[in-house]
>>> print(open('data03.tsv').read())   # TSV, C-alpha atoms and all ligand atoms
chain	number	residue	atom	x	y	z
A	10	MET	CA	1.15	-13.06	27.47
A	11	ARG	CA	4.34	-11.85	25.96
A	12	LEU	CA	6.61	-14.46	24.45
A	13	VAL	CA	10.32	-14.47	24.74
A	14	ARG	CA	12.27	-13.33	21.69
A	15	TRP	CA	15.00	-15.40	20.27
A	16	VAL	CA	17.94	-13.91	18.56
A	17	ALA	CA	20.71	-15.84	16.90
A	18	GLY	CA	23.62	-16.14	19.18
A	19	GLY	CA	23.90	-19.19	21.38
A	20	VAL	CA	21.93	-21.19	18.87
A	21	ALA	CA	23.65	-19.96	15.74
A	22	ALA	CA	26.38	-22.59	15.86
A	23	SER	CA	24.02	-25.49	15.25
A	24	LEU	CA	22.59	-23.68	12.24
A	25	PHE	CA	26.00	-23.13	10.77
A	26	PHE	CA	25.93	-25.57	7.90
A	27	VAL	CA	22.28	-24.99	7.13
A	28	VAL	CA	22.96	-21.36	6.52
A	29	ALA	CA	26.01	-22.17	4.48
A	30	ALA	CA	23.93	-24.47	2.29
A	31	PHE	CA	21.30	-21.82	1.71
A	32	GLY	CA	23.99	-19.36	0.82
A	33	THR	CA	24.46	-21.13	-2.48
A	34	VAL	CA	20.97	-20.74	-3.89
A	35	GLN	CA	20.90	-19.16	-7.30
A	36	ASP	CA	18.75	-16.14	-6.61
A	37	SER	CA	20.69	-15.29	-3.50
A	38	PRO	CA	22.12	-11.83	-4.07
A	39	LEU	CA	25.01	-12.38	-1.69
A	40	PRO	CA	26.80	-15.71	-1.93
A	41	MET	CA	27.97	-16.36	1.61
A	42	THR	CA	31.45	-17.50	2.31
A	43	THR	CA	32.58	-19.48	5.33
A	44	LEU	CA	34.36	-16.38	6.52
A	45	GLN	CA	31.11	-14.45	6.64
A	46	VAL	CA	29.44	-17.22	8.60
A	47	GLU	CA	32.27	-17.17	11.09
A	48	GLN	CA	31.79	-13.46	11.40
A	49	LEU	CA	28.20	-13.96	12.31
A	50	LEU	CA	29.12	-16.50	14.94
A	51	SER	CA	31.46	-14.07	16.65
A	52	PRO	CA	30.01	-10.74	15.65
A	53	GLN	CA	32.92	-8.37	15.41
A	54	VAL	CA	32.03	-4.88	14.40
A	55	GLU	CA	34.02	-4.27	11.30
A	56	VAL	CA	34.27	-0.64	10.43
A	57	LEU	CA	33.87	0.17	6.80
A	58	GLY	CA	34.68	3.41	5.12
A	59	SER	CA	38.03	4.09	6.67
A	60	LYS	CA	41.42	2.58	6.18
A	61	SER	CA	42.89	4.09	9.30
A	62	SER	CA	41.76	3.19	12.78
A	63	GLY	CA	41.49	5.20	15.94
A	64	GLY	CA	39.28	8.15	16.73
A	65	PHE	CA	35.66	8.16	17.77
A	66	ILE	CA	32.81	6.64	15.85
A	67	GLN	CA	29.35	8.06	16.18
A	68	GLU	CA	26.10	7.22	14.45
A	69	GLU	CA	23.19	9.53	13.76
A	70	ARG	CA	20.17	9.25	11.55
A	71	PHE	CA	19.64	11.79	8.76
A	72	GLU	CA	16.07	12.94	9.45
A	73	ARG	CA	13.42	14.45	7.22
A	74	GLY	CA	13.92	18.23	7.22
A	75	ASP	CA	17.43	17.79	8.58
A	76	THR	CA	20.37	19.92	7.41
A	77	PHE	CA	23.85	18.59	6.72
A	78	ALA	CA	25.25	21.11	9.24
A	79	ALA	CA	22.93	19.84	11.99
A	80	LEU	CA	23.78	16.24	11.13
A	81	LEU	CA	27.53	16.90	11.26
A	82	ASP	CA	27.10	18.67	14.57
A	83	ARG	CA	25.30	15.66	16.06
A	84	LEU	CA	28.05	13.42	14.69
A	85	GLY	CA	30.57	15.35	16.78
A	86	VAL	CA	32.22	17.13	13.84
A	87	ASP	CA	33.79	20.45	14.80
A	88	ASP	CA	32.16	23.60	13.27
A	89	THR	CA	35.11	24.78	11.19
A	90	GLU	CA	35.59	21.23	9.96
A	91	ALA	CA	31.89	21.09	9.03
A	92	ASP	CA	32.23	24.40	7.13
A	93	ARG	CA	35.23	23.00	5.27
A	94	LEU	CA	33.27	19.89	4.31
A	95	LEU	CA	30.16	21.82	3.27
A	96	SER	CA	32.19	24.08	0.97
A	97	ASP	CA	33.57	21.04	-0.83
A	98	ARG	CA	31.49	20.60	-3.97
A	99	LYS	CA	32.13	16.85	-4.39
A	100	ALA	CA	31.41	16.14	-0.72
A	101	VAL	CA	28.12	18.05	-0.80
A	102	ALA	CA	27.05	16.32	-4.01
A	103	THR	CA	27.69	13.00	-2.25
A	104	LEU	CA	25.72	14.01	0.85
A	105	LYS	CA	22.77	14.89	-1.38
A	106	ALA	CA	22.31	11.18	-2.00
A	107	LEU	CA	21.26	10.81	1.65
A	108	ARG	CA	17.66	9.75	2.09
A	109	PRO	CA	15.74	10.62	5.28
A	110	GLY	CA	15.95	7.81	7.81
A	111	THR	CA	19.42	6.68	6.76
A	112	PRO	CA	21.90	6.11	9.59
A	113	VAL	CA	25.20	7.91	9.03
A	114	GLN	CA	28.42	7.04	10.83
A	115	ALA	CA	31.40	9.31	11.27
A	116	ARG	CA	34.87	8.87	12.64
A	117	THR	CA	36.41	11.95	14.20
A	118	ASN	CA	39.65	12.54	16.09
A	119	GLU	CA	39.94	14.11	19.55
A	120	GLU	CA	39.73	17.62	18.11
A	121	GLY	CA	36.52	16.90	16.20
A	122	ALA	CA	38.25	16.80	12.82
A	123	LEU	CA	36.41	14.48	10.44
A	124	MET	CA	38.43	11.46	9.35
A	125	SER	CA	35.69	9.64	7.55
A	126	LEU	CA	31.93	9.53	7.12
A	127	TRP	CA	29.87	6.74	5.58
A	128	PHE	CA	26.34	5.55	5.02
A	129	LEU	CA	24.49	2.79	3.22
A	130	SER	CA	23.37	3.97	-0.21
A	131	GLY	CA	21.25	2.24	-2.80
A	132	LYS	CA	20.96	-1.49	-2.58
A	133	ASP	CA	23.75	-2.83	-0.40
A	134	ARG	CA	26.36	-0.21	-1.25
A	135	VAL	CA	28.37	1.98	1.06
A	136	THR	CA	29.12	5.60	0.22
A	137	SER	CA	31.92	7.25	2.13
A	138	ILE	CA	33.67	10.58	2.32
A	139	ASP	CA	37.26	10.35	3.53
A	140	SER	CA	39.43	13.20	4.64
A	141	VAL	CA	42.49	13.42	2.40
A	142	GLN	CA	45.41	15.84	2.29
A	143	ASP	CA	43.80	18.59	0.23
A	144	GLY	CA	40.11	18.07	0.96
A	145	PHE	CA	37.64	15.22	0.91
A	146	GLN	CA	37.43	12.15	-1.26
A	147	PRO	CA	34.01	10.57	-1.86
A	148	SER	CA	33.80	6.93	-2.88
A	149	ASP	CA	31.25	4.22	-3.31
A	150	ARG	CA	31.64	0.45	-3.10
A	151	PRO	CA	29.69	-2.73	-2.35
A	152	ALA	CA	28.85	-3.18	1.30
A	153	ASN	CA	30.34	-6.23	2.95
A	154	LEU	CA	27.06	-7.47	4.35
A	155	THR	CA	27.05	-10.46	6.64
A	156	ARG	CA	24.19	-12.80	7.19
A	157	SER	CA	22.80	-13.74	10.55
A	158	VAL	CA	19.94	-16.02	11.46
A	159	GLN	CA	17.15	-14.67	13.62
A	160	MET	CA	14.55	-16.66	15.48
A	161	LYS	CA	11.44	-15.01	16.80
A	162	SER	CA	8.13	-16.11	18.25
A	163	GLY	CA	4.92	-14.26	18.80
A	164	GLN	CA	1.27	-14.56	19.60
A	165	ILE	CA	-1.67	-12.96	17.82
A	166	ARG	CA	-3.75	-10.69	20.00
A	167	SER	CA	-5.15	-8.20	17.51
A	168	SER	CA	-3.45	-8.55	14.13
A	169	LEU	CA	-0.49	-10.30	12.60
A	170	PHE	CA	1.41	-7.04	12.31
A	171	ALA	CA	0.78	-6.13	15.94
A	172	ALA	CA	2.21	-9.52	16.87
A	173	THR	CA	5.21	-9.27	14.57
A	174	ASP	CA	5.86	-5.72	15.82
A	175	ASP	CA	5.82	-7.01	19.40
A	176	ALA	CA	8.25	-9.77	18.46
A	177	GLY	CA	10.54	-7.40	16.55
A	178	VAL	CA	9.90	-9.17	13.25
A	179	PRO	CA	10.28	-6.94	10.15
A	180	ASP	CA	7.25	-6.31	7.89
A	181	SER	CA	8.86	-8.12	4.97
A	182	VAL	CA	9.09	-11.26	7.11
A	183	ALA	CA	5.45	-10.89	8.18
A	184	GLY	CA	4.55	-10.63	4.49
A	185	GLN	CA	6.56	-13.76	3.71
A	186	LEU	CA	4.72	-15.63	6.47
A	187	ALA	CA	1.39	-14.67	4.90
A	188	ASP	CA	2.66	-15.84	1.49
A	189	ILE	CA	4.20	-19.10	2.73
A	190	PHE	CA	1.04	-20.19	4.52
A	191	GLY	CA	-1.28	-18.49	1.99
A	192	GLY	CA	-2.48	-21.84	0.62
A	193	ASP	CA	-3.67	-22.93	4.06
A	194	VAL	CA	-4.55	-19.79	5.98
A	195	ASP	CA	-6.53	-16.75	4.85
A	196	PHE	CA	-4.67	-14.13	6.84
A	197	HIS	CA	-7.51	-11.65	6.33
A	198	ARG	CA	-10.21	-13.83	7.85
A	199	ASP	CA	-8.81	-16.89	9.62
A	200	LEU	CA	-6.62	-15.29	12.28
A	201	ARG	CA	-7.75	-15.70	15.86
A	202	ARG	CA	-6.53	-14.40	19.16
A	203	GLY	CA	-4.12	-16.96	20.56
A	204	ASP	CA	-2.75	-18.04	17.18
A	205	HIS	CA	1.01	-18.11	17.38
A	206	PHE	CA	4.07	-18.39	15.23
A	207	THR	CA	7.77	-19.07	15.26
A	208	VAL	CA	9.92	-17.88	12.42
A	209	ILE	CA	13.57	-18.41	11.52
A	210	TYR	CA	14.86	-15.98	8.93
A	211	GLU	CA	18.01	-14.42	7.54
A	212	MET	CA	19.06	-10.92	8.48
A	213	LEU	CA	21.70	-9.02	6.56
A	214	MET	CA	24.03	-7.01	8.73
A	215	LEU	CA	26.48	-4.19	8.20
A	216	ASP	CA	28.78	-3.13	11.00
A	217	GLY	CA	26.78	-5.24	13.43
A	218	ARG	CA	23.59	-3.40	12.51
A	219	GLN	CA	20.59	-4.96	10.82
A	220	VAL	CA	20.31	-3.68	7.26
A	221	ARG	CA	17.47	-5.71	5.86
A	222	SER	CA	15.79	-9.04	6.31
A	223	GLY	CA	16.33	-11.90	3.91
A	224	ARG	CA	14.48	-15.12	3.32
A	225	VAL	CA	12.39	-17.02	5.82
A	226	LEU	CA	14.20	-20.36	6.30
A	227	ALA	CA	11.60	-22.08	8.44
A	228	ALA	CA	8.37	-21.20	10.18
A	229	GLU	CA	5.55	-22.62	12.19
A	230	PHE	CA	2.11	-21.09	12.29
A	231	VAL	CA	-0.57	-22.33	14.64
A	232	ASN	CA	-3.95	-21.15	13.41
A	233	GLN	CA	-7.05	-22.11	15.38
A	234	ASN	CA	-5.10	-25.05	16.83
A	235	ARG	CA	-4.07	-26.30	13.38
A	236	VAL	CA	-0.30	-26.54	13.12
A	237	PHE	CA	1.38	-25.55	9.85
A	238	ARG	CA	5.09	-25.87	9.34
A	239	ALA	CA	7.26	-24.75	6.48
A	240	ILE	CA	10.90	-25.22	5.64
A	241	TRP	CA	12.64	-23.67	2.67
A	242	PHE	CA	14.33	-26.17	0.40
A	243	ASP	CA	16.13	-25.78	-2.86
A	244	GLY	CA	17.30	-29.08	-4.26
A	245	GLY	CA	19.69	-27.30	-6.59
A	246	ASP	CA	17.38	-26.89	-9.57
A	247	GLY	CA	16.96	-23.22	-8.70
A	248	LYS	CA	13.28	-23.67	-7.98
A	249	GLY	CA	13.21	-23.64	-4.22
A	250	GLY	CA	10.02	-23.71	-2.23
A	251	TYR	CA	8.47	-24.35	1.12
A	252	PHE	CA	7.76	-27.86	2.31
A	253	THR	CA	6.50	-29.54	5.45
A	254	PRO	CA	9.18	-31.38	7.46
A	255	SER	CA	7.91	-34.60	5.83
A	256	GLY	CA	8.43	-33.21	2.33
A	257	ARG	CA	4.93	-32.17	1.30
A	258	ASN	CA	4.79	-29.02	-0.78
A	259	LEU	CA	3.02	-26.10	0.89
A	260	ARG	CA	1.99	-24.62	-2.43
A	261	LYS	CA	-1.67	-25.25	-3.20
A	262	ALA	CA	-3.63	-24.93	-6.43
A	263	PHE	CA	-5.37	-21.88	-4.89
A	264	LEU	CA	-4.46	-19.14	-2.47
A	265	ARG	CA	-6.90	-18.82	0.43
A	266	SER	CA	-7.13	-15.06	-0.04
A	267	PRO	CA	-7.11	-13.03	-3.27
A	268	LEU	CA	-6.01	-9.88	-1.45
A	269	GLU	CA	-2.47	-8.75	-1.05
A	270	PHE	CA	-1.72	-8.94	2.65
A	271	SER	CA	-0.23	-5.83	4.15
A	272	ARG	CA	-0.16	-3.78	7.30
A	273	ILE	CA	-2.99	-1.67	5.87
A	274	THR	CA	-5.30	-4.47	4.75
A	275	SER	CA	-4.77	-6.44	7.96
A	276	GLY	CA	-6.22	-3.60	10.02
A	277	PHE	CA	-8.89	-2.61	7.51
A	278	ALA	CA	-10.64	-5.98	7.48
A	279	MET	CA	-11.59	-5.60	11.14
A	280	ARG	CA	-13.41	-2.32	10.50
A	281	PHE	CA	-15.42	-3.43	7.47
A	282	HIS	CA	-19.07	-4.27	8.06
A	283	PRO	CA	-20.91	-4.96	4.83
A	284	ILE	CA	-24.46	-3.69	5.12
A	285	LEU	CA	-26.08	-4.17	1.75
A	286	GLN	CA	-25.33	-7.72	0.80
A	287	GLN	CA	-28.79	-8.39	-0.55
A	288	TRP	CA	-27.96	-7.39	-4.11
A	289	ARG	CA	-28.06	-11.04	-4.92
A	290	ALA	CA	-28.40	-14.04	-2.67
A	291	HIS	CA	-24.96	-13.28	-1.40
A	292	GLN	CA	-22.65	-15.94	-2.67
A	293	GLY	CA	-19.17	-14.78	-2.08
A	294	ILE	CA	-16.72	-13.51	0.44
A	295	ASP	CA	-16.32	-9.80	1.04
A	296	TYR	CA	-12.93	-8.44	1.91
A	297	GLY	CA	-12.90	-4.89	3.22
A	298	ALA	CA	-9.78	-3.18	1.94
A	299	PRO	CA	-8.72	0.31	0.93
A	300	THR	CA	-9.38	1.34	-2.68
A	301	GLY	CA	-6.35	0.43	-4.76
A	302	THR	CA	-5.32	-2.65	-2.75
A	303	ARG	CA	-3.90	-5.22	-5.11
A	304	VAL	CA	-6.05	-8.21	-6.04
A	305	LYS	CA	-4.30	-11.44	-7.02
A	306	ALA	CA	-5.43	-14.38	-9.11
A	307	THR	CA	-5.78	-17.15	-6.54
A	308	GLY	CA	-4.77	-19.84	-9.02
A	309	ASP	CA	-3.24	-20.35	-12.47
A	310	GLY	CA	-5.78	-19.85	-15.23
A	311	ILE	CA	-7.15	-17.93	-18.18
A	312	ILE	CA	-9.08	-14.67	-18.05
A	313	ASP	CA	-12.65	-15.45	-19.04
A	314	PHE	CA	-14.20	-12.03	-18.49
A	315	VAL	CA	-12.98	-8.47	-17.86
A	316	GLY	CA	-15.56	-5.70	-17.71
A	317	ARG	CA	-18.65	-4.31	-16.08
A	318	GLU	CA	-21.37	-6.62	-14.85
A	319	SER	CA	-24.35	-4.96	-13.02
A	320	GLY	CA	-24.08	-5.44	-9.25
A	321	TYR	CA	-20.52	-6.75	-9.49
A	322	GLY	CA	-19.29	-3.48	-10.98
A	323	ASN	CA	-15.90	-3.98	-12.58
A	324	MET	CA	-15.41	-7.70	-12.54
A	325	ILE	CA	-12.90	-10.34	-13.58
A	326	ILE	CA	-13.61	-14.03	-14.05
A	327	VAL	CA	-10.68	-16.44	-14.16
A	328	ARG	CA	-11.19	-19.95	-15.51
A	329	HIS	CA	-8.87	-22.49	-13.90
A	330	ASN	CA	-8.03	-26.08	-14.62
A	331	GLY	CA	-10.99	-28.41	-14.87
A	332	SER	CA	-14.24	-27.06	-13.55
A	333	TYR	CA	-12.93	-24.31	-11.27
A	334	SER	CA	-13.50	-20.59	-11.75
A	335	THR	CA	-13.05	-17.50	-9.57
A	336	ARG	CA	-14.71	-14.04	-9.69
A	337	TYR	CA	-13.45	-10.73	-8.40
A	338	GLY	CA	-15.97	-7.87	-8.13
A	339	HIS	CA	-16.33	-4.12	-7.30
A	340	LEU	CA	-12.83	-3.42	-8.68
A	341	SER	CA	-11.69	0.17	-9.14
A	342	ALA	CA	-9.39	-0.85	-11.99
A	343	PHE	CA	-7.98	-3.80	-13.88
A	344	ALA	CA	-4.31	-4.64	-14.25
A	345	GLN	CA	-2.85	-2.99	-17.32
A	346	GLY	CA	-3.32	-4.95	-20.52
A	347	LEU	CA	-5.55	-7.59	-18.94
A	348	ARG	CA	-7.68	-9.19	-21.67
A	349	LYS	CA	-10.05	-12.07	-22.14
A	350	GLY	CA	-7.98	-15.11	-23.05
A	351	ALA	CA	-4.85	-13.93	-21.25
A	352	ARG	CA	-3.03	-16.50	-19.15
A	353	VAL	CA	-2.43	-15.66	-15.49
A	354	SER	CA	-0.39	-17.36	-12.79
A	355	GLN	CA	-1.24	-17.73	-9.15
A	356	GLY	CA	-0.40	-14.53	-7.32
A	357	ASP	CA	-0.40	-12.31	-10.42
A	358	VAL	CA	-2.00	-8.93	-9.75
A	359	ILE	CA	-5.12	-8.73	-11.93
A	360	GLY	CA	-6.94	-5.73	-10.48
A	361	PHE	CA	-7.43	-3.26	-7.65
A	362	VAL	CA	-10.03	-2.99	-4.91
A	363	GLY	CA	-12.80	-0.44	-5.40
A	364	GLN	CA	-16.53	0.03	-4.83
A	365	THR	CA	-18.03	-0.18	-8.30
A	366	GLY	CA	-21.45	-1.84	-8.69
A	367	MET	CA	-23.54	-2.49	-5.59
A	368	ALA	CA	-21.08	-1.68	-2.88
A	369	THR	CA	-21.40	0.57	0.15
A	370	GLY	CA	-17.68	0.84	0.74
A	371	PRO	CA	-14.43	-0.25	-0.86
A	372	HIS	CA	-14.18	-4.01	-0.75
A	373	LEU	CA	-13.49	-7.04	-2.87
A	374	HIS	CA	-16.25	-9.51	-3.62
A	375	TYR	CA	-14.67	-12.90	-4.24
A	376	GLU	CA	-16.40	-16.02	-5.49
A	377	PHE	CA	-15.10	-19.51	-5.89
A	378	ARG	CA	-17.08	-21.79	-8.19
A	379	ILE	CA	-16.95	-25.44	-9.16
A	380	ASN	CA	-19.00	-26.36	-12.24
A	381	ASN	CA	-20.29	-22.77	-12.02
A	382	GLU	CA	-21.77	-23.40	-8.59
A	383	TYR	CA	-20.68	-21.31	-5.67
A	384	ARG	CA	-18.56	-23.11	-3.09
A	385	ASN	CA	-17.09	-21.76	0.11
A	386	PRO	CA	-13.35	-21.60	-0.56
A	387	LEU	CA	-12.63	-21.31	3.15
A	388	THR	CA	-13.75	-24.87	3.74
A	389	LEU	CA	-12.46	-26.59	0.58
A	390	ALA	CA	-9.33	-28.71	0.52
A	391	PHE	CA	-7.19	-27.62	-2.42
A	392	PRO	CA	-4.92	-29.85	-4.47
A	393	THR	CA	-1.26	-29.54	-3.51
A	394	ALA	CA	1.78	-29.04	-5.73
A	395	GLU	CA	4.32	-31.84	-6.09
A	396	SER	CA	5.97	-33.25	-2.96
A	397	ILE	CA	9.68	-33.98	-2.69
A	398	ALA	CA	10.48	-36.95	-4.92
A	399	THR	CA	11.58	-40.12	-3.15
A	400	GLU	CA	15.09	-39.96	-4.60
A	401	ARG	CA	15.55	-36.45	-3.23
A	402	MET	CA	14.31	-37.24	0.28
A	403	THR	CA	17.79	-37.97	1.63
A	404	ALA	CA	19.10	-34.59	0.51
A	405	PHE	CA	15.91	-32.96	1.73
A	406	ARG	CA	16.19	-34.44	5.21
A	407	ALA	CA	19.89	-33.69	5.48
A	408	THR	CA	19.27	-30.04	4.70
A	409	THR	CA	16.04	-29.45	6.55
A	410	SER	CA	16.23	-31.59	9.68
A	411	PRO	CA	18.33	-29.11	11.70
A	412	LEU	CA	15.72	-26.43	11.02
A	413	ALA	CA	12.88	-28.80	11.85
A	414	ALA	CA	14.66	-29.66	15.10
A	415	ARG	CA	15.03	-25.97	15.84
A	416	LEU	CA	11.30	-25.43	15.28
A	417	ASP	CA	10.57	-28.30	17.66
A	418	LEU	CA	12.76	-26.83	20.32
A	419	LEU	CA	11.31	-23.34	19.99
A	420	ARG	CA	7.84	-24.77	20.13
A	421	GLU	CA	8.46	-26.64	23.37
A	422	THR	CA	9.83	-23.49	24.88
A	423	ASN	CA	6.75	-21.60	23.66
A	424	LEU	CA	4.35	-24.09	25.13
A	425	ALA	CA	6.15	-23.97	28.45
A	426	LEU	CA	5.91	-20.19	28.44
A	427	LEU	CA	2.25	-20.18	27.48
A	428	GLU	CA	1.24	-22.40	30.39
B	1	ZN	ZN	-19.88	-9.67	-1.75
>>> encode(input="data03.tsv", output="structure tokens")
Amino acid sequence: MRLVRWVAGGVAASLFFVVAAFGTVQDSPLPMTTLQVEQLLSPQVEVLGSKSSGGFIQEERFERGDTFAALLDRLGVDDTEADRLLSDRKAVATLKALRPGTPVQARTNEEGALMSLWFLSGKDRVTSIDSVQDGFQPSDRPANLTRSVQMKSGQIRSSLFAATDDAGVPDSVAGQLADIFGGDVDFHRDLRRGDHFTVIYEMLMLDGRQVRSGRVLAAEFVNQNRVFRAIWFDGGDGKGGYFTPSGRNLRKAFLRSPLEFSRITSGFAMRFHPILQQWRAHQGIDYGAPTGTRVKATGDGIIDFVGRESGYGNMIIVRHNGSYSTRYGHLSAFAQGLRKGARVSQGDVIGFVGQTGMATGPHLHYEFRINNEYRNPLTLAFPTAESIATERMTAFRATTSPLAARLDLLRETNLALLE
């Protein structure tokens, strides 16, 4: 059944100081001020791009194959006014920066004369064209983005992306979910119908519209009745990460899946049926994926082999700490400059899916070995990265407990709805 969607609004107030705290993290591109948080609590549509007020504001998307004249017409700009704008060299040069799919807003007066036109350009900048005495004046400035907190829940019926689409969760957030829980769940193989999630994440807004999603602040993923919870915490050392509500680090020594998780790979896995696995007593996991899909080192290590190896085709072996090693076969290509002896970190792209060697279709053959003996990585418990130190627990709890409480509440609501 369909789950209810939660949007920040009534619940935003209790998250107030949590959001404010996260706004100070070092890699945050937009330090958030109290003012901005207040704006998100009482979302007032602030109009950018025009100093004067009054008139009508309309929004239209610039479509692929669109013309500026057609766009201006849809925006309610009078024909002669449109002609005047389109004969202005500077204005036209500015409009040429428009990419298909970009929403454009215009303010016109009662007669259809253009007062101002603006759109989001580049990364978080607003470009505008203002009507001035003797023509039009283009300008460009940083967009005053505000941050809101979104809460969504969903249930897996076919794929993660189908579920996140249903719940209105952006792809980048779905990708973050796969990364956050990537040490516990292999999103290519472990997902089951009935798995469900709750996610709390930042959304950056401009003029009351969603511009792009930000960081996942907290999430719960229930996979085959196992409950995984994650809360973002940055103790101020700039190296934030995801932890369980009790302070255990979610990062593991190995990722469950070596494949980059995407909308394409999530659907592809379902259609892949390996036929010829007899090329050696099959000791590995096959991941069906389109040729060119990125393959990641599942753990930190050193490249032990890069090259061709009979049935494996193009293969990489990574030697990890102690007695662990991983193998990646049938690759179409290796990452540029990858050499024996090179050091790699978990998540580094080392190659690309292909069908070299004994392969009937594009797929990745992945092996996990301990003391050079094959082990099933899907059933192994991996060592975990450092937990929150005892002396930081107070700060950790103070910052994360409101989010943990929010997850609890959402979960109870979910369970009630599922019954
Ligand atoms: Zn295989």
>>> residues_around(input="data03.tsv", residues="Ser125 of chain A", least_positions_apart="4", cutoff="6 Å", atoms="all atoms listed in the file", output="PDB file with C-alpha atoms, in the frame of the given file")
ATOM      1  CA  ALA A 115      31.400   9.310  11.270  1.00  0.00           C
ATOM      2  CA  ARG A 116      34.870   8.870  12.640  1.00  0.00           C
ATOM      3  CA  ILE A 138      33.670  10.580   2.320  1.00  0.00           C
ATOM      4  CA  ASP A 139      37.260  10.350   3.530  1.00  0.00           C
ATOM      5  CA  SER A 140      39.430  13.200   4.640  1.00  0.00           C
TER       6      SER A 140
END
>>> residues_around(input="data03.tsv", residues="segment 384-397 of chain A", least_positions_apart="5", cutoff="6 Å", atoms="all atoms listed in the file", output="list in words")
Gly256, Arg257, Asn258, Arg260, Lys261, Ala262, Phe377 and Arg378 of chain A
>>> closest_atom_pairs(input="data03.tsv", of="segment 106-216 of chain A", to="segment 352-371 of chain A", cutoff="12 Å", atoms="all atoms listed in the file", output="Markdown table")
| residue | atom | partner | partner_atom | distance |
| --- | --- | --- | --- | --- |
| A:Asp188 | CA | A:Gly356 | CA | 9.4 |
| A:Ile189 | CA | A:Gly356 | CA | 12.0 |
| A:Gly191 | CA | A:Gly356 | CA | 10.2 |
| A:Gly192 | CA | A:Gln355 | CA | 10.7 |
>>> residues_near_ligand(input="data03.tsv", ligand="ligand ZN 1 (chain B)", cutoff="6 Å", atoms="only C-alpha atoms and all ligand atoms", output="PyMOL selection string")
chain A and resi 293-295+374
>>> closest_residue(input="data03.tsv", among="A:Val208, A:Leu186, A:Ala100, A:Met214", to="Ala152 of chain A", atoms="all atoms listed in the file")
A:Met214
>>> build_atoms(input="data03.tsv", residues="segment 410-421 of chain A", atoms="N, CA and C atoms", output="compact mmCIF listing (two decimals), keeping the file's coordinate frame")
# COMPACT_ATOMS: atom_id res chain seq x y z
N SER A 410 16.48 -31.09 8.32
CA SER A 410 16.23 -31.59 9.68
C SER A 410 16.77 -30.69 10.80
N PRO A 411 17.91 -30.01 10.61
CA PRO A 411 18.33 -29.11 11.70
C PRO A 411 17.32 -27.98 11.95
N LEU A 412 16.71 -27.50 10.86
CA LEU A 412 15.72 -26.43 11.02
C LEU A 412 14.44 -26.98 11.66
N ALA A 413 14.06 -28.19 11.26
CA ALA A 413 12.88 -28.80 11.85
C ALA A 413 13.11 -29.02 13.35
N ALA A 414 14.32 -29.45 13.69
CA ALA A 414 14.66 -29.66 15.10
C ALA A 414 14.59 -28.34 15.86
N ARG A 415 15.05 -27.29 15.21
CA ARG A 415 15.03 -25.97 15.84
C ARG A 415 13.58 -25.52 16.09
N LEU A 416 12.71 -25.78 15.10
CA LEU A 416 11.30 -25.43 15.28
C LEU A 416 10.71 -26.20 16.46
N ASP A 417 11.06 -27.48 16.55
CA ASP A 417 10.57 -28.30 17.66
C ASP A 417 10.96 -27.71 19.00
N LEU A 418 12.23 -27.34 19.07
CA LEU A 418 12.76 -26.83 20.32
C LEU A 418 12.07 -25.52 20.71
N LEU A 419 11.93 -24.63 19.72
CA LEU A 419 11.31 -23.34 19.99
C LEU A 419 9.86 -23.52 20.43
N ARG A 420 9.23 -24.52 19.84
CA ARG A 420 7.84 -24.77 20.13
C ARG A 420 7.66 -25.26 21.57
N GLU A 421 8.54 -26.17 21.99
CA GLU A 421 8.46 -26.64 23.37
C GLU A 421 8.64 -25.50 24.34
